[in-house]
Structures are given as structure tokens and as C-alpha cells.
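K.L.:
I'd like to ask some things about the structure below.
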Amino acid sequence: MLMMMPWLLVALVVLAQAAPNKAVETKHLTLTTSTSAGAVAPGKKASLWIDVEPKPTMHVYSPGQKGYIAITLTLEENAAVTAAKAKYPPGEKFFMEALNETQLVYAKPFRIAQDVTLKPGGSADPVVIKGSVRYQACDDKICYLPQTVPVAWTIRRATPQ
């Protein structure tokens, strides 16, 4: 049993280093970034995730809601990766009494996902992928000014075996 303990410790350390979650707090919501993989081989995909948790009484607009600023994830150009389109869950229908209209919103925690593929070549250094999340949050009384929040992920390159 004692012989297995060092291996367990090493495994836990590797898992802890694989994809640290990074949370950003705003007045309206919490954004937590994470990734599906700790190390990625060239030509392989990794998913970048942002878990979004609206604060109590807040909501943000879903893509597809016309006339409002929907939440969007935008990645900066990065020569080390090819990015697919971001994926958003379906919005929930929400009736806004003050405006007498139904809107598509996120009022509960949800996840935005974006796949990236590591391009061949480049250095052995980790790849830092930067981007931003833009949104307009509202509560049951008012809508707040749109916000743009910087986000980032670090993906380690898999070492050839």
C-alpha cells in the first residue's frame, strides 16, 4: 500500500496541473474558464469552456435574441490553433413584464464551448489562447451597460513519445 502512494501523489499533481480553472467575477456574473485537455498533440482538438453563472436576479441574452446584445465569446487570432465556432446552449424563454415581451435569456448557470485544433510545428512552449466575453446583463428592473471581459486558456503541447 505504501508503495502505491508516490504514484497516487504524482497522478494527483498531474491532474491538478492539467487544466486549472480560472474565475473572473463581475458585478453581474461569474465566468470560469477551463479546458478539456491538459496536453494536446498537434492535429488534435481541445475544448475551451466558459462556465457562466449569472448573479441572483440577473440574466444575459442568448444568441438569437434580436434587439439586445447577446453574450458572445470571441477568440483572438492565434497562429498555433484553428478555432471552430463557439457553441451556446439554447436560451430560455423569459417574459419581461415591464416590456410586455418574451426574450431568450440565460438566467441559470450555463456553459459556452469552443473547440480548437493545435496546428503542427511551433515551439514546445504552452499555447496561450486569449479572447473576450461580451454581454449585456439585466435584472427585473433595468439593463446595465454592455461589458467586455478578457479571458484566457493555456494548453500544454503533448510531448512526442
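Simple scheme: letters A, B, ... for chains in C-alpha cells order, numbers from 1 for residues in each chain, numbers from 1 for ligands in the order shown.
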Just the residues within 8 Å of segment 74-77 of chain A, please, counting only C-alpha atoms, with nothing from its chain fewer than 2 positions along; format it as a ChimeraX atom specification.
P.N.:
/A:72,79,129-133
K.L.:
Please list as a list in words every residue within 7 Å of Ala46 of chain A, counting only C-alpha atoms and excluding residues in the same chain fewer than 2 positions away.
P.N.:
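Everything that qualifies: Thr35, Ser36, Ala37, Val40, Lys44, Leu48, Asp115, Val116 and Thr117 of chain A.
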K.L.:
With C-alpha atoms retained, export the selected residues as a compact mmCIF listing (two decimals), in the first residue's frame.
P.N.:
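Output file out-v6.txt is given in full below:
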```
# COMPACT_ATOMS: atom_id res chain seq x y z
CA THR A 35 -10.29 23.13 -20.88
CA SER A 36 -10.93 19.50 -21.76
CA ALA A 37 -7.28 18.56 -22.01
CA VAL A 40 -2.69 18.35 -26.76
CA LYS A 44 -5.79 17.09 -32.04
CA LEU A 48 -12.25 25.56 -24.30
CA ASP A 115 -13.15 23.65 -29.94
CA VAL A 116 -9.62 24.45 -31.08
CA THR A 117 -7.18 22.25 -33.00
```
K.L.:
Run DSSP on the backbone and tell me which residues of chain A come out as helix (DSSP H, G or I); list them as a list in words.
P.N.:
Met5, Pro6, Trp7, Leu8, Leu9, Val10, Ala11, Leu12, Val13, Val14, Leu15, Ala16, Gln17 and Ala18 of chain A
K.L.:
For segment 21-127 of chain A against segment 137-158 of chain A, with a cut-off of 7 Å and counting only C-alpha atoms, what is the closest atom pair and its distance in Å to one decimal for every residue that makes the cut, ordered by chain and number, as JSON lines?
P.N.:
```
{"residue": "A:His28", "atom": "CA", "partner": "A:Ala137", "partner_atom": "CA", "distance": 6.4}
{"residue": "A:Thr33", "atom": "CA", "partner": "A:Trp153", "partner_atom": "CA", "distance": 7.0}
{"residue": "A:Ser34", "atom": "CA", "partner": "A:Trp153", "partner_atom": "CA", "distance": 7.0}
{"residue": "A:Gly38", "atom": "CA", "partner": "A:Arg156", "partner_atom": "CA", "distance": 6.1}
{"residue": "A:Ala39", "atom": "CA", "partner": "A:Arg156", "partner_atom": "CA", "distance": 4.5}
{"residue": "A:Val40", "atom": "CA", "partner": "A:Ala158", "partner_atom": "CA", "distance": 4.9}
{"residue": "A:Ala41", "atom": "CA", "partner": "A:Ala158", "partner_atom": "CA", "distance": 4.8}
{"residue": "A:Thr57", "atom": "CA", "partner": "A:Asp139", "partner_atom": "CA", "distance": 5.3}
{"residue": "A:Met58", "atom": "CA", "partner": "A:Asp139", "partner_atom": "CA", "distance": 4.5}
{"residue": "A:His59", "atom": "CA", "partner": "A:Cys138", "partner_atom": "CA", "distance": 5.5}
{"residue": "A:Val60", "atom": "CA", "partner": "A:Ala137", "partner_atom": "CA", "distance": 4.6}
{"residue": "A:Ala124", "atom": "CA", "partner": "A:Arg157", "partner_atom": "CA", "distance": 6.2}
{"residue": "A:Asp125", "atom": "CA", "partner": "A:Arg157", "partner_atom": "CA", "distance": 7.0}
{"residue": "A:Pro126", "atom": "CA", "partner": "A:Arg156", "partner_atom": "CA", "distance": 4.3}
{"residue": "A:Val127", "atom": "CA", "partner": "A:Ile155", "partner_atom": "CA", "distance": 5.1}
```
K.L.:
May I have the selected residues written with C-alpha atoms, as a tab-separated table (two decimals), in the first residue's frame?
P.N.:
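Written file, again_16.tsv:
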```tsv
chain	number	residue	atom	x	y	z
A	28	HIS	CA	-23.40	40.64	-12.94
A	33	THR	CA	-12.55	29.12	-17.81
A	34	SER	CA	-11.37	25.53	-18.16
A	38	GLY	CA	-4.07	19.17	-20.13
A	39	ALA	CA	-1.77	18.43	-23.08
A	40	VAL	CA	-2.69	18.35	-26.76
A	41	ALA	CA	-0.82	16.73	-29.66
A	57	THR	CA	-31.92	38.25	-10.36
A	58	MET	CA	-29.58	38.72	-13.37
A	59	HIS	CA	-29.90	37.39	-16.89
A	60	VAL	CA	-27.91	37.78	-20.12
A	124	ALA	CA	7.27	23.17	-27.24
A	125	ASP	CA	6.00	26.09	-25.15
A	126	PRO	CA	2.42	26.05	-23.89
A	127	VAL	CA	-0.12	27.79	-26.13
```
K.L.:
Which parts of chain A does DSSP call strand (DSSP E) when run on the backbone here, written out as number ranges by chain?
P.N.:
A: 22-25, 29-35, 39-40, 45-54, 59-61, 72-75, 81-83, 92-96, 101-106, 110-118, 127-135, 137-138, 147-157
K.L.:
Rounded to one decimal, what separation in Å do you get between atom CA of Arg111 of chain A and atom CA of Val52 of chain A?
P.N.:
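Atom CA of Val52 of chain A lies 6.0 Å from atom CA of Arg111 of chain A.
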K.L.:
Nearest to Ile50 of chain A among A:Phe110, A:Tyr135, A:Phe95, A:Tyr68, with distances taken over only C-alpha atoms: which residue is it?
P.N.:
A:Phe110
K.L.:
Which one is closest to Ile69 of chain A: A:Ala84, A:Leu99, A:Leu104, A:Ala113? Count only C-alpha atoms.
P.N.:
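Looking only at the distances to Ile69 of chain A, the closest residue turns out to be A:Leu104.
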K.L.:
So that I can see what lies close to Gln103 of chain A, please list as a list of chain:residue names the residues with an atom at most 10 Å from it, counting only C-alpha atoms and leaving out residues fewer than 5 positions away in the same chain.
P.N.:
A:Tyr61, A:Ser62, A:Gly64, A:Gln65, A:Lys66, A:Gly67, A:Tyr68, A:Gly91, A:Glu92, A:Lys93, A:Phe94, A:Phe95, A:Met96
K.L.:
Selected residues, N, CA and C atoms, written as a PDB file, in the first residue's frame, please.
P.N.:
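The resulting part_8.pdb:
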```
ATOM      1  N   TYR A  61     -28.499  37.867 -22.443  1.00  0.00           N
ATOM      2  CA  TYR A  61     -29.256  37.474 -23.624  1.00  0.00           C
ATOM      3  C   TYR A  61     -28.572  36.353 -24.395  1.00  0.00           C
ATOM      4  N   SER A  62     -29.388  35.459 -24.904  1.00  0.00           N
ATOM      5  CA  SER A  62     -28.929  34.315 -25.685  1.00  0.00           C
ATOM      6  C   SER A  62     -28.701  34.738 -27.132  1.00  0.00           C
ATOM      7  N   GLY A  64     -29.352  34.819 -30.843  1.00  0.00           N
ATOM      8  CA  GLY A  64     -30.655  34.634 -31.474  1.00  0.00           C
ATOM      9  C   GLY A  64     -31.695  35.608 -30.963  1.00  0.00           C
ATOM     10  N   GLN A  65     -31.438  36.257 -29.834  1.00  0.00           N
ATOM     11  CA  GLN A  65     -32.373  37.262 -29.320  1.00  0.00           C
ATOM     12  C   GLN A  65     -32.136  38.565 -30.071  1.00  0.00           C
ATOM     13  N   LYS A  66     -33.111  38.994 -30.815  1.00  0.00           N
ATOM     14  CA  LYS A  66     -32.983  40.213 -31.623  1.00  0.00           C
ATOM     15  C   LYS A  66     -33.221  41.460 -30.772  1.00  0.00           C
ATOM     16  N   GLY A  67     -32.498  42.513 -31.102  1.00  0.00           N
ATOM     17  CA  GLY A  67     -32.707  43.800 -30.449  1.00  0.00           C
ATOM     18  C   GLY A  67     -31.933  44.000 -29.155  1.00  0.00           C
ATOM     19  N   TYR A  68     -31.167  42.991 -28.741  1.00  0.00           N
ATOM     20  CA  TYR A  68     -30.386  43.090 -27.498  1.00  0.00           C
ATOM     21  C   TYR A  68     -28.983  42.561 -27.776  1.00  0.00           C
ATOM     22  N   GLY A  91     -31.301  29.233 -25.395  1.00  0.00           N
ATOM     23  CA  GLY A  91     -31.755  30.177 -24.378  1.00  0.00           C
ATOM     24  C   GLY A  91     -33.114  29.768 -23.825  1.00  0.00           C
ATOM     25  N   GLU A  92     -33.427  30.292 -22.662  1.00  0.00           N
ATOM     26  CA  GLU A  92     -34.735  30.045 -22.049  1.00  0.00           C
ATOM     27  C   GLU A  92     -35.658  31.210 -22.367  1.00  0.00           C
ATOM     28  N   LYS A  93     -36.922  30.921 -22.594  1.00  0.00           N
ATOM     29  CA  LYS A  93     -37.892  31.989 -22.815  1.00  0.00           C
ATOM     30  C   LYS A  93     -38.213  32.657 -21.480  1.00  0.00           C
ATOM     31  N   PHE A  94     -38.168  33.974 -21.489  1.00  0.00           N
ATOM     32  CA  PHE A  94     -38.375  34.764 -20.272  1.00  0.00           C
ATOM     33  C   PHE A  94     -39.314  35.912 -20.623  1.00  0.00           C
ATOM     34  N   PHE A  95     -40.439  36.009 -19.911  1.00  0.00           N
ATOM     35  CA  PHE A  95     -41.387  37.090 -20.171  1.00  0.00           C
ATOM     36  C   PHE A  95     -41.028  38.288 -19.306  1.00  0.00           C
ATOM     37  N   MET A  96     -40.710  39.404 -19.959  1.00  0.00           N
ATOM     38  CA  MET A  96     -40.371  40.647 -19.272  1.00  0.00           C
ATOM     39  C   MET A  96     -41.630  41.494 -19.191  1.00  0.00           C
TER      40      MET A  96
END
```
K.L.:
Figure out the distance between atom CA of Glu101 of chain A and atom CA of Gln136 of chain A, please, to one decimal in Å.
P.N.:
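These two atoms are separated by 17.3 Å.
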K.L.:
Skipping near chain neighbours, those fewer than 4 positions away, what residues fall within 7 Å of Glu53 of chain A using only C-alpha atoms, listed as a ChimeraX atom specification?
P.N.:
/A:29-31,108-110
